[in-house]
file input-v3.pdb (PDB, C-alpha atoms)
ATOM      1  CA  ILE A   1     -37.898  45.515  69.631
ATOM      2  CA  ILE A   2     -39.359  43.491  72.510
ATOM      3  CA  PRO A   3     -36.385  42.486  74.693
ATOM      4  CA  ALA A   4     -38.256  40.040  76.931
ATOM      5  CA  THR A   5     -41.725  38.876  77.806
ATOM      6  CA  PRO A   6     -42.999  40.913  80.767
ATOM      7  CA  GLU A   7     -43.313  38.980  84.011
ATOM      8  CA  GLY A   8     -46.604  37.077  84.216
ATOM      9  CA  SER A   9     -47.511  37.521  80.543
ATOM     10  CA  PRO A  10     -49.161  34.573  78.767
ATOM     11  CA  TRP A  11     -47.249  35.203  75.514
ATOM     12  CA  ARG A  12     -43.642  35.198  74.427
ATOM     13  CA  PRO A  13     -41.923  36.753  71.390
ATOM     14  CA  PHE A  14     -41.699  33.706  69.135
ATOM     15  CA  ASP A  15     -41.628  33.729  65.302
ATOM     16  CA  PRO A  16     -43.035  37.272  64.996
ATOM     17  CA  ASN A  17     -44.977  38.453  61.939
ATOM     18  CA  VAL A  18     -45.351  42.232  61.590
ATOM     19  CA  PHE A  19     -47.936  44.112  59.550
ATOM     20  CA  ARG A  20     -49.387  47.599  59.322
ATOM     21  CA  ASP A  21     -53.078  48.075  60.143
ATOM     22  CA  GLY A  22     -54.126  51.691  59.655
ATOM     23  CA  ASP A  23     -52.117  53.779  62.135
ATOM     24  CA  ASP A  24     -51.132  50.709  64.145
ATOM     25  CA  TRP A  25     -48.245  48.306  63.891
ATOM     26  CA  VAL A  26     -49.329  44.763  64.747
ATOM     27  CA  ILE A  27     -47.110  41.829  65.669
ATOM     28  CA  ILE A  28     -48.490  38.345  65.913
ATOM     29  CA  CYS A  29     -46.242  35.861  67.696
ATOM     30  CA  GLY A  30     -46.679  32.144  67.235
ATOM     31  CA  GLY A  31     -47.778  30.026  70.125
ATOM     32  CA  ARG A  32     -49.879  27.323  71.674
ATOM     33  CA  VAL A  33     -52.392  27.244  74.503
ATOM     34  CA  ALA A  34     -54.101  24.337  76.256
ATOM     35  CA  SER A  35     -56.771  24.222  73.545
ATOM     36  CA  GLY A  36     -54.232  24.132  70.677
ATOM     37  CA  ASP A  37     -52.550  26.466  68.211
ATOM     38  CA  THR A  38     -52.827  30.228  68.515
ATOM     39  CA  ALA A  39     -50.930  33.439  67.923
ATOM     40  CA  TYR A  40     -50.593  36.391  70.269
ATOM     41  CA  THR A  41     -51.465  39.967  69.243
ATOM     42  CA  LEU A  42     -49.337  42.957  70.206
ATOM     43  CA  VAL A  43     -49.983  46.520  68.998
ATOM     44  CA  SER A  44     -47.840  49.649  68.797
ATOM     45  CA  LYS A  45     -48.177  53.189  67.437
ATOM     46  CA  ASP A  46     -44.430  53.910  67.350
ATOM     47  CA  PHE A  47     -42.846  50.450  66.761
ATOM     48  CA  ARG A  48     -41.093  50.750  70.140
ATOM     49  CA  ASN A  49     -43.754  50.450  72.829
ATOM     50  CA  TRP A  50     -45.845  47.308  72.465
ATOM     51  CA  LYS A  51     -49.042  46.325  74.238
ATOM     52  CA  PHE A  52     -50.245  42.722  74.420
ATOM     53  CA  LEU A  53     -53.955  42.539  73.523
ATOM     54  CA  HIS A  54     -55.165  38.933  73.286
ATOM     55  CA  ASN A  55     -54.947  35.742  71.284
ATOM     56  CA  PHE A  56     -55.063  36.568  67.571
ATOM     57  CA  TYR A  57     -57.501  33.704  66.877
ATOM     58  CA  GLU A  58     -59.137  30.733  68.545
ATOM     59  CA  SER A  59     -58.258  27.363  67.091
ATOM     60  CA  SER A  60     -60.772  24.619  66.464
ATOM     61  CA  ARG A  61     -60.181  20.942  67.110
ATOM     62  CA  LYS A  62     -62.214  20.129  63.992
ATOM     63  CA  TRP A  63     -59.192  21.289  61.952
ATOM     64  CA  THR A  64     -56.033  20.979  64.012
ATOM     65  CA  ARG A  65     -54.720  18.653  66.686
ATOM     66  CA  ALA A  66     -54.232  19.611  70.323
ATOM     67  CA  ILE A  67     -50.453  19.137  69.873
ATOM     68  CA  ASP A  68     -50.287  21.629  66.966
ATOM     69  CA  ASP A  69     -48.798  25.048  67.543
ATOM     70  CA  CYS A  70     -48.715  28.153  65.366
ATOM     71  CA  ALA A  71     -45.066  28.492  64.361
ATOM     72  CA  VAL A  72     -43.793  30.888  61.686
ATOM     73  CA  PRO A  73     -47.153  32.689  61.297
ATOM     74  CA  ASP A  74     -47.649  34.745  58.130
ATOM     75  CA  PHE A  75     -50.852  36.796  57.942
ATOM     76  CA  PHE A  76     -52.070  38.703  54.881
ATOM     77  CA  PRO A  77     -55.144  39.720  52.855
ATOM     78  CA  LEU A  78     -55.922  37.418  49.935
ATOM     79  CA  GLY A  79     -58.710  38.438  47.579
ATOM     80  CA  ASN A  80     -61.770  39.250  49.691
ATOM     81  CA  ARG A  81     -60.528  37.137  52.617
ATOM     82  CA  HIS A  82     -57.542  36.968  54.938
ATOM     83  CA  ALA A  83     -55.080  34.103  55.216
ATOM     84  CA  LEU A  84     -52.914  32.865  58.065
ATOM     85  CA  VAL A  85     -50.227  30.458  56.902
ATOM     86  CA  PHE A  86     -48.327  28.667  59.680
ATOM     87  CA  SER A  87     -46.294  25.602  60.508
ATOM     88  CA  SER A  88     -46.540  23.220  63.400
ATOM     89  CA  HIS A  89     -43.672  21.594  65.229
ATOM     90  CA  SER A  90     -45.658  18.382  64.888
ATOM     91  CA  GLY A  91     -45.001  18.707  61.145
ATOM     92  CA  GLN A  92     -46.485  20.246  58.014
ATOM     93  CA  SER A  93     -47.526  23.729  56.952
ATOM     94  CA  GLN A  94     -51.179  24.665  57.348
ATOM     95  CA  TYR A  95     -53.411  27.611  56.592
ATOM     96  CA  TYR A  96     -56.601  29.262  57.731
ATOM     97  CA  LEU A  97     -58.829  31.408  55.528
ATOM     98  CA  GLY A  98     -61.241  33.763  57.211
ATOM     99  CA  SER A  99     -62.112  37.321  58.137
ATOM    100  CA  TYR A 100     -60.134  39.932  60.051
ATOM    101  CA  SER A 101     -61.514  42.627  62.336
ATOM    102  CA  SER A 102     -59.230  45.663  62.191
ATOM    103  CA  GLN A 103     -61.091  47.215  65.117
ATOM    104  CA  GLU A 104     -60.594  44.157  67.331
ATOM    105  CA  LYS A 105     -57.233  43.154  65.838
ATOM    106  CA  LYS A 106     -58.595  39.624  65.687
ATOM    107  CA  PHE A 107     -58.723  36.919  63.013
ATOM    108  CA  TYR A 108     -61.738  34.610  62.619
ATOM    109  CA  PRO A 109     -60.855  31.375  60.780
ATOM    110  CA  GLU A 110     -63.596  29.981  58.539
ATOM    111  CA  ASP A 111     -61.684  27.333  56.550
ATOM    112  CA  HIS A 112     -58.549  25.283  57.127
ATOM    113  CA  GLY A 113     -56.204  23.239  54.982
ATOM    114  CA  ARG A 114     -52.773  21.654  54.937
ATOM    115  CA  PHE A 115     -50.087  21.955  52.321
ATOM    116  CA  SER A 116     -49.568  18.617  50.561
ATOM    117  CA  LYS A 117     -47.527  16.037  52.366
ATOM    118  CA  LEU A 118     -44.966  14.774  49.902
ATOM    119  CA  ARG A 119     -44.949  11.391  51.642
ATOM    120  CA  GLU A 120     -48.448  10.902  50.278
ATOM    121  CA  LEU A 121     -46.865  11.131  46.809
ATOM    122  CA  SER A 122     -44.727   8.063  47.655
ATOM    123  CA  LEU A 123     -41.579  10.005  48.445
ATOM    124  CA  GLU A 124     -39.564   8.873  51.403
ATOM    125  CA  HIS A 125     -39.377  12.261  53.118
ATOM    126  CA  GLY A 126     -40.496  15.806  52.671
ATOM    127  CA  ASP A 127     -43.019  17.649  54.791
ATOM    128  CA  PRO A 128     -43.476  21.281  53.720
ATOM    129  CA  GLN A 129     -42.757  23.517  56.704
ATOM    130  CA  ALA A 130     -41.922  27.122  57.576
ATOM    131  CA  SER A 131     -44.076  28.736  54.880
ATOM    132  CA  MET A 132     -43.348  32.379  54.176
ATOM    133  CA  THR A 133     -44.921  34.599  51.556
ATOM    134  CA  VAL A 134     -43.951  37.722  49.683
ATOM    135  CA  LEU A 135     -46.150  40.163  47.816
ATOM    136  CA  ALA A 136     -44.761  40.542  44.290
ATOM    137  CA  PRO A 137     -44.836  43.973  42.589
ATOM    138  CA  ASP A 138     -47.609  42.704  40.285
ATOM    139  CA  GLY A 139     -49.831  41.821  43.270
ATOM    140  CA  ARG A 140     -49.264  38.046  43.339
ATOM    141  CA  ARG A 141     -48.873  36.415  46.757
ATOM    142  CA  ILE A 142     -45.934  33.983  46.387
ATOM    143  CA  VAL A 143     -45.251  31.278  48.965
ATOM    144  CA  PHE A 144     -41.988  29.488  49.717
ATOM    145  CA  ASN A 145     -41.684  26.379  51.899
ATOM    146  CA  TRP A 146     -38.762  24.638  53.489
ATOM    147  CA  ILE A 147     -38.945  20.876  52.911
ATOM    148  CA  SER A 148     -37.613  18.875  55.830
ATOM    149  CA  GLU A 149     -35.901  15.561  55.340
ATOM    150  CA  GLY A 150     -35.305  12.311  57.129
ATOM    151  CA  ARG A 151     -31.501  12.137  57.237
ATOM    152  CA  ARG A 152     -30.077  12.144  60.750
ATOM    153  CA  PHE A 153     -28.711  15.505  61.926
ATOM    154  CA  GLU A 154     -25.154  14.130  61.991
ATOM    155  CA  VAL A 155     -25.407  13.164  58.314
ATOM    156  CA  GLN A 156     -26.880  16.535  57.356
ATOM    157  CA  HIS A 157     -24.135  18.324  59.281
ATOM    158  CA  ALA A 158     -21.383  16.211  57.672
ATOM    159  CA  ARG A 159     -22.776  16.905  54.190
ATOM    160  CA  GLY A 160     -23.125  20.617  54.904
ATOM    161  CA  TRP A 161     -26.787  21.026  54.081
ATOM    162  CA  GLY A 162     -30.241  19.914  55.229
ATOM    163  CA  GLY A 163     -33.606  20.230  53.531
ATOM    164  CA  ILE A 164     -34.516  22.113  50.383
ATOM    165  CA  ILE A 165     -36.747  25.017  49.364
ATOM    166  CA  TRP A 166     -39.879  24.037  47.468
ATOM    167  CA  LEU A 167     -40.463  25.751  44.140
ATOM    168  CA  PRO A 168     -42.251  29.096  44.592
ATOM    169  CA  ARG A 169     -46.017  29.002  44.149
ATOM    170  CA  VAL A 170     -48.759  31.591  43.816
ATOM    171  CA  LEU A 171     -51.604  31.678  46.338
ATOM    172  CA  SER A 172     -54.977  32.941  45.139
ATOM    173  CA  LEU A 173     -58.692  32.303  45.618
ATOM    174  CA  ASP A 174     -61.119  30.751  43.163
ATOM    175  CA  ASP A 175     -64.659  32.057  42.642
ATOM    176  CA  LEU A 176     -65.886  30.143  45.715
ATOM    177  CA  GLY A 177     -63.167  31.567  47.976
ATOM    178  CA  THR A 178     -61.156  28.317  48.057
ATOM    179  CA  LEU A 179     -57.365  28.527  48.181
ATOM    180  CA  LEU A 180     -55.565  27.825  44.897
ATOM    181  CA  ILE A 181     -51.854  26.939  44.902
ATOM    182  CA  GLU A 182     -50.154  27.103  41.505
ATOM    183  CA  PRO A 183     -46.520  27.169  40.307
ATOM    184  CA  VAL A 184     -45.212  30.635  39.467
ATOM    185  CA  GLU A 185     -45.336  31.494  35.763
ATOM    186  CA  GLU A 186     -41.589  32.168  35.750
ATOM    187  CA  LEU A 187     -40.838  28.435  36.096
ATOM    188  CA  LYS A 188     -41.649  28.067  32.374
ATOM    189  CA  THR A 189     -38.355  29.800  31.595
ATOM    190  CA  LEU A 190     -36.521  26.780  33.046
ATOM    191  CA  ARG A 191     -37.894  24.520  30.308
ATOM    192  CA  THR A 192     -36.351  24.057  26.885
ATOM    193  CA  ASN A 193     -36.928  21.785  23.917
TER     194      ASN A 193
END

call {"tool": "encode", "arguments": {"input": "input-v3.pdb", "output": "structure tokens"}}
result
Amino acid sequence: IIPATPEGSPWRPFDPNVFRDGDDWVIICGGRVASGDTAYTLVSKDFRNWKFLHNFYESSRKWTRAIDDCAVPDFFPLGNRHALVFSSHSGQSQYYLGSYSSQEKKFYPEDHGRFSKLRELSLEHGDPQASMTVLAPDGRRIVFNWISEGRRFEVQHARGWGGIIWLPRVLSLDDLGTLLIEPVEELKTLRTN
């Protein structure tokens, strides 16, 4: 769709996330600027001709580190708020909750969090990364994560696999607008007496 970044542009097509906003198609591409993580906003009417607008949001050092980037961005409405789920090459999936201006095509983060680090649960390895969500037919927002691991690449390659997918979970908001992360109901069918 976008064959190359135009000469002199501050953005590049990296981990794009596409969504419809009224009559516009919007792509946000992951990225990083001197002040930290960001995503870049591009807009199109016909899905062929794209115009770069601006950074999708401004990051805050009170939540993320200067070395964090916004990789694998996934942006969606959640209850009466909007959510941006993303990973960082420095490790671990994160999320912002906030408000979105359709007129400006800009996201304003109000809260931030990180998906649980499995190392904090006394496991040797396992940072959740590369979060992606799907909207189920019943309206639930379901998130999947890739769990990285600590085996050397050569060992992973020799074994033929690397990492695992975390069990699917439902994202929702509680009455205070805080993110809730719960296992999908369907996991109960895996249990027997």

call {"tool": "resolve_selection", "arguments": {"input": "input-v3.pdb", "expression": "the PyMOL selection byres ((chain A and resi 107-116) around 8)", "output": "MDAnalysis selection string"}}
result
chainID A and resid 56:59 63 92:101 105:106 117:118 120 127:128

call {"tool": "write_last_selection", "arguments": {"input": "input-v3.pdb", "atoms": "C-alpha atoms", "output": "JSON list (two decimals), in the coordinates of the input"}}
result
[["chain", "number", "residue", "atom", "x", "y", "z"],
["A", 56, "PHE", "CA", -55.06, 36.57, 67.57],
["A", 57, "TYR", "CA", -57.50, 33.70, 66.88],
["A", 58, "GLU", "CA", -59.14, 30.73, 68.54],
["A", 59, "SER", "CA", -58.26, 27.36, 67.09],
["A", 63, "TRP", "CA", -59.19, 21.29, 61.95],
["A", 92, "GLN", "CA", -46.48, 20.25, 58.01],
["A", 93, "SER", "CA", -47.53, 23.73, 56.95],
["A", 94, "GLN", "CA", -51.18, 24.66, 57.35],
["A", 95, "TYR", "CA", -53.41, 27.61, 56.59],
["A", 96, "TYR", "CA", -56.60, 29.26, 57.73],
["A", 97, "LEU", "CA", -58.83, 31.41, 55.53],
["A", 98, "GLY", "CA", -61.24, 33.76, 57.21],
["A", 99, "SER", "CA", -62.11, 37.32, 58.14],
["A", 100, "TYR", "CA", -60.13, 39.93, 60.05],
["A", 101, "SER", "CA", -61.51, 42.63, 62.34],
["A", 105, "LYS", "CA", -57.23, 43.15, 65.84],
["A", 106, "LYS", "CA", -58.60, 39.62, 65.69],
["A", 117, "LYS", "CA", -47.53, 16.04, 52.37],
["A", 118, "LEU", "CA", -44.97, 14.77, 49.90],
["A", 120, "GLU", "CA", -48.45, 10.90, 50.28],
["A", 127, "ASP", "CA", -43.02, 17.65, 54.79],
["A", 128, "PRO", "CA", -43.48, 21.28, 53.72]]

call {"tool": "closest_residue", "arguments": {"input": "input-v3.pdb", "among": "A:Gly22, A:Gly163, A:Pro137, A:Pro13", "to": "A:Glu149", "atoms": "only C-alpha atoms"}}
result
A:Gly163

call {"tool": "atom_distance", "arguments": {"input": "input-v3.pdb", "atom1": "atom CA of A:Cys29", "atom2": "atom CA of A:Pro10"}}
result
11.5 Å

call {"tool": "axis_aligned_box", "arguments": {"input": "input-v3.pdb", "around": "stretch 41-55 of chain A", "padding_each_side": "5 Å", "output": "AutoDock Vina command-line options"}}
result
--center_x -48.1 --center_y 44.8 --center_z 70.6 --size_x 24.1 --size_y 28.2 --size_z 17.7

call {"tool": "closest_residue", "arguments": {"input": "input-v3.pdb", "among": "A:Phe144, A:Thr64, A:Glu104, A:Ile165", "to": "A:Val43", "atoms": "only C-alpha atoms"}}
result
A:Glu104

call {"tool": "atom_distance", "arguments": {"input": "input-v3.pdb", "atom1": "atom CA of A:Thr38", "atom2": "atom CA of A:Asp24"}}
result
21.0 Å

call {"tool": "residues_around", "arguments": {"input": "input-v3.pdb", "residues": "A:Asn55", "least_positions_apart": "2", "cutoff": "6 Å", "atoms": "only C-alpha atoms", "output": "PDB file with C-alpha atoms, in the coordinates of the input"}}
result
ATOM      1  CA  ALA A  39     -50.930  33.439  67.923  1.00  0.00           C
ATOM      2  CA  TYR A  40     -50.593  36.391  70.269  1.00  0.00           C
ATOM      3  CA  THR A  41     -51.465  39.967  69.243  1.00  0.00           C
ATOM      4  CA  TYR A  57     -57.501  33.704  66.877  1.00  0.00           C
TER       5      TYR A  57
END

call {"tool": "closest_residue", "arguments": {"input": "input-v3.pdb", "among": "A:Val155, A:Ile164, A:Met132, A:Leu187", "to": "A:Ala83", "atoms": "only C-alpha atoms"}}
result
A:Met132

call {"tool": "resolve_selection", "arguments": {"input": "input-v3.pdb", "expression": "the PyMOL selection byres ((chain A and resi 179-185) around 8)", "output": "MDAnalysis selection string"}}
result
chainID A and resid 142 167:174 177:178 186:188

call {"tool": "resolve_selection", "arguments": {"input": "input-v3.pdb", "expression": "the PyMOL selection byres ((chain A and resi 69) around 8)", "output": "list in words"}}
result
Gly30, Gly31, Arg32, Gly36, Asp37, Thr38, Ile67, Asp68, Cys70, Ala71, Ser87, Ser88, His89 and Ser90 of chain A

call {"tool": "atom_distance", "arguments": {"input": "input-v3.pdb", "atom1": "atom CA of A:Arg152", "atom2": "atom CA of A:Val72"}}
result
23.2 Å

call {"tool": "closest_residue", "arguments": {"input": "input-v3.pdb", "among": "A:Ala136, A:Val26, A:Leu84, A:Leu42", "to": "A:Ser9", "atoms": "only C-alpha atoms"}}
result
A:Leu42

call {"tool": "closest_residue", "arguments": {"input": "input-v3.pdb", "among": "A:Trp146, A:Ser102, A:Lys62, A:Gly79", "to": "A:Trp25", "atoms": "only C-alpha atoms"}}
result
A:Ser102

call {"tool": "closest_residue", "arguments": {"input": "input-v3.pdb", "among": "A:Pro77, A:Asp46, A:Glu154, A:Phe52", "to": "A:Gly8", "atoms": "all atoms listed in the file"}}
result
A:Phe52

call {"tool": "decode", "arguments": {"input": "input-v3.pdb", "residues": "stretch 159-170 of chain A", "atoms": "all heavy atoms", "output": "PDB file, in the first residue's frame"}}
result
ATOM      1  N   ARG A 159      15.381 -26.823  17.672  1.00  0.00           N
ATOM      2  CA  ARG A 159      14.163 -27.482  18.159  1.00  0.00           C
ATOM      3  C   ARG A 159      12.961 -27.243  17.239  1.00  0.00           C
ATOM      4  O   ARG A 159      11.967 -27.933  17.320  1.00  0.00           O
ATOM      5  CB  ARG A 159      13.811 -26.993  19.566  1.00  0.00           C
ATOM      6  CG  ARG A 159      14.857 -27.313  20.610  1.00  0.00           C
ATOM      7  CD  ARG A 159      14.742 -28.774  21.045  1.00  0.00           C
ATOM      8  NE  ARG A 159      15.553 -29.039  22.211  1.00  0.00           N
ATOM      9  CZ  ARG A 159      16.780 -29.564  22.161  1.00  0.00           C
ATOM     10  NH1 ARG A 159      17.331 -29.855  21.007  1.00  0.00           N
ATOM     11  NH2 ARG A 159      17.454 -29.793  23.261  1.00  0.00           N
ATOM     12  N   GLY A 160      13.045 -26.187  16.420  1.00  0.00           N
ATOM     13  CA  GLY A 160      11.980 -25.925  15.472  1.00  0.00           C
ATOM     14  C   GLY A 160      10.862 -25.033  15.979  1.00  0.00           C
ATOM     15  O   GLY A 160       9.838 -24.885  15.321  1.00  0.00           O
ATOM     16  N   TRP A 161      11.041 -24.442  17.132  1.00  0.00           N
ATOM     17  CA  TRP A 161      10.018 -23.530  17.634  1.00  0.00           C
ATOM     18  C   TRP A 161      10.646 -22.570  18.643  1.00  0.00           C
ATOM     19  O   TRP A 161      11.712 -22.833  19.199  1.00  0.00           O
ATOM     20  CB  TRP A 161       8.849 -24.284  18.280  1.00  0.00           C
ATOM     21  CG  TRP A 161       9.222 -25.054  19.521  1.00  0.00           C
ATOM     22  CD1 TRP A 161       9.792 -26.302  19.578  1.00  0.00           C
ATOM     23  CD2 TRP A 161       9.099 -24.624  20.878  1.00  0.00           C
ATOM     24  NE1 TRP A 161      10.020 -26.674  20.871  1.00  0.00           N
ATOM     25  CE2 TRP A 161       9.593 -25.663  21.705  1.00  0.00           C
ATOM     26  CE3 TRP A 161       8.608 -23.471  21.471  1.00  0.00           C
ATOM     27  CZ2 TRP A 161       9.619 -25.574  23.088  1.00  0.00           C
ATOM     28  CZ3 TRP A 161       8.633 -23.390  22.855  1.00  0.00           C
ATOM     29  CH2 TRP A 161       9.134 -24.434  23.637  1.00  0.00           C
ATOM     30  N   GLY A 162       9.978 -21.437  18.870  1.00  0.00           N
ATOM     31  CA  GLY A 162      10.459 -20.459  19.837  1.00  0.00           C
ATOM     32  C   GLY A 162       9.303 -19.641  20.370  1.00  0.00           C
ATOM     33  O   GLY A 162       8.542 -19.058  19.606  1.00  0.00           O
ATOM     34  N   GLY A 163       9.146 -19.603  21.667  1.00  0.00           N
ATOM     35  CA  GLY A 163       8.077 -18.839  22.289  1.00  0.00           C
ATOM     36  C   GLY A 163       6.753 -19.586  22.235  1.00  0.00           C
ATOM     37  O   GLY A 163       6.628 -20.639  21.612  1.00  0.00           O
ATOM     38  N   ILE A 164       5.765 -19.029  22.909  1.00  0.00           N
ATOM     39  CA  ILE A 164       4.431 -19.607  22.925  1.00  0.00           C
ATOM     40  C   ILE A 164       3.408 -18.481  22.862  1.00  0.00           C
ATOM     41  O   ILE A 164       3.750 -17.309  23.040  1.00  0.00           O
ATOM     42  CB  ILE A 164       4.169 -20.470  24.199  1.00  0.00           C
ATOM     43  CG1 ILE A 164       4.300 -19.602  25.463  1.00  0.00           C
ATOM     44  CG2 ILE A 164       5.082 -21.671  24.253  1.00  0.00           C
ATOM     45  CD1 ILE A 164       3.859 -20.310  26.733  1.00  0.00           C
ATOM     46  N   ILE A 165       2.162 -18.818  22.609  1.00  0.00           N
ATOM     47  CA  ILE A 165       1.075 -17.844  22.642  1.00  0.00           C
ATOM     48  C   ILE A 165       0.373 -17.982  23.982  1.00  0.00           C
ATOM     49  O   ILE A 165       0.018 -19.082  24.410  1.00  0.00           O
ATOM     50  CB  ILE A 165       0.084 -18.073  21.481  1.00  0.00           C
ATOM     51  CG1 ILE A 165       0.791 -17.937  20.140  1.00  0.00           C
ATOM     52  CG2 ILE A 165      -1.098 -17.112  21.581  1.00  0.00           C
ATOM     53  CD1 ILE A 165       1.376 -16.559  19.866  1.00  0.00           C
ATOM     54  N   TRP A 166       0.225 -16.853  24.671  1.00  0.00           N
ATOM     55  CA  TRP A 166      -0.477 -16.823  25.946  1.00  0.00           C
ATOM     56  C   TRP A 166      -1.940 -17.162  25.711  1.00  0.00           C
ATOM     57  O   TRP A 166      -2.477 -16.917  24.632  1.00  0.00           O
ATOM     58  CB  TRP A 166      -0.381 -15.412  26.511  1.00  0.00           C
ATOM     59  CG  TRP A 166      -0.143 -15.320  27.980  1.00  0.00           C
ATOM     60  CD1 TRP A 166      -0.072 -16.329  28.878  1.00  0.00           C
ATOM     61  CD2 TRP A 166       0.074 -14.109  28.718  1.00  0.00           C
ATOM     62  NE1 TRP A 166       0.176 -15.840  30.122  1.00  0.00           N
ATOM     63  CE2 TRP A 166       0.268 -14.480  30.062  1.00  0.00           C
ATOM     64  CE3 TRP A 166       0.119 -12.769  28.385  1.00  0.00           C
ATOM     65  CZ2 TRP A 166       0.498 -13.550  31.064  1.00  0.00           C
ATOM     66  CZ3 TRP A 166       0.357 -11.851  29.376  1.00  0.00           C
ATOM     67  CH2 TRP A 166       0.546 -12.232  30.704  1.00  0.00           C
ATOM     68  N   LEU A 167      -2.603 -17.692  26.719  1.00  0.00           N
ATOM     69  CA  LEU A 167      -4.023 -17.986  26.595  1.00  0.00           C
ATOM     70  C   LEU A 167      -4.787 -16.701  26.296  1.00  0.00           C
ATOM     71  O   LEU A 167      -4.464 -15.639  26.826  1.00  0.00           O
ATOM     72  CB  LEU A 167      -4.550 -18.616  27.884  1.00  0.00           C
ATOM     73  CG  LEU A 167      -4.038 -20.019  28.191  1.00  0.00           C
ATOM     74  CD1 LEU A 167      -4.516 -20.467  29.567  1.00  0.00           C
ATOM     75  CD2 LEU A 167      -4.488 -21.000  27.129  1.00  0.00           C
ATOM     76  N   PRO A 168      -5.811 -16.778  25.432  1.00  0.00           N
ATOM     77  CA  PRO A 168      -6.576 -15.574  25.094  1.00  0.00           C
ATOM     78  C   PRO A 168      -7.295 -15.009  26.307  1.00  0.00           C
ATOM     79  O   PRO A 168      -7.780 -15.757  27.161  1.00  0.00           O
ATOM     80  CB  PRO A 168      -7.567 -16.061  24.033  1.00  0.00           C
ATOM     81  CG  PRO A 168      -7.626 -17.534  24.198  1.00  0.00           C
ATOM     82  CD  PRO A 168      -6.323 -17.967  24.764  1.00  0.00           C
ATOM     83  N   ARG A 169      -7.340 -13.678  26.374  1.00  0.00           N
ATOM     84  CA  ARG A 169      -7.976 -12.986  27.489  1.00  0.00           C
ATOM     85  C   ARG A 169      -8.886 -11.881  26.977  1.00  0.00           C
ATOM     86  O   ARG A 169      -8.658 -11.351  25.902  1.00  0.00           O
ATOM     87  CB  ARG A 169      -6.907 -12.390  28.411  1.00  0.00           C
ATOM     88  CG  ARG A 169      -6.127 -13.466  29.161  1.00  0.00           C
ATOM     89  CD  ARG A 169      -4.736 -13.033  29.544  1.00  0.00           C
ATOM     90  NE  ARG A 169      -3.951 -12.790  28.344  1.00  0.00           N
ATOM     91  CZ  ARG A 169      -3.073 -11.821  28.220  1.00  0.00           C
ATOM     92  NH1 ARG A 169      -2.838 -11.002  29.199  1.00  0.00           N
ATOM     93  NH2 ARG A 169      -2.399 -11.666  27.108  1.00  0.00           N
ATOM     94  N   VAL A 170      -9.864 -11.540  27.762  1.00  0.00           N
ATOM     95  CA  VAL A 170     -10.824 -10.494  27.404  1.00  0.00           C
ATOM     96  C   VAL A 170     -10.404  -9.191  28.066  1.00  0.00           C
ATOM     97  O   VAL A 170     -10.104  -9.162  29.269  1.00  0.00           O
ATOM     98  CB  VAL A 170     -12.251 -10.873  27.849  1.00  0.00           C
ATOM     99  CG1 VAL A 170     -13.226  -9.738  27.542  1.00  0.00           C
ATOM    100  CG2 VAL A 170     -12.702 -12.158  27.182  1.00  0.00           C
TER     101      VAL A 170
END
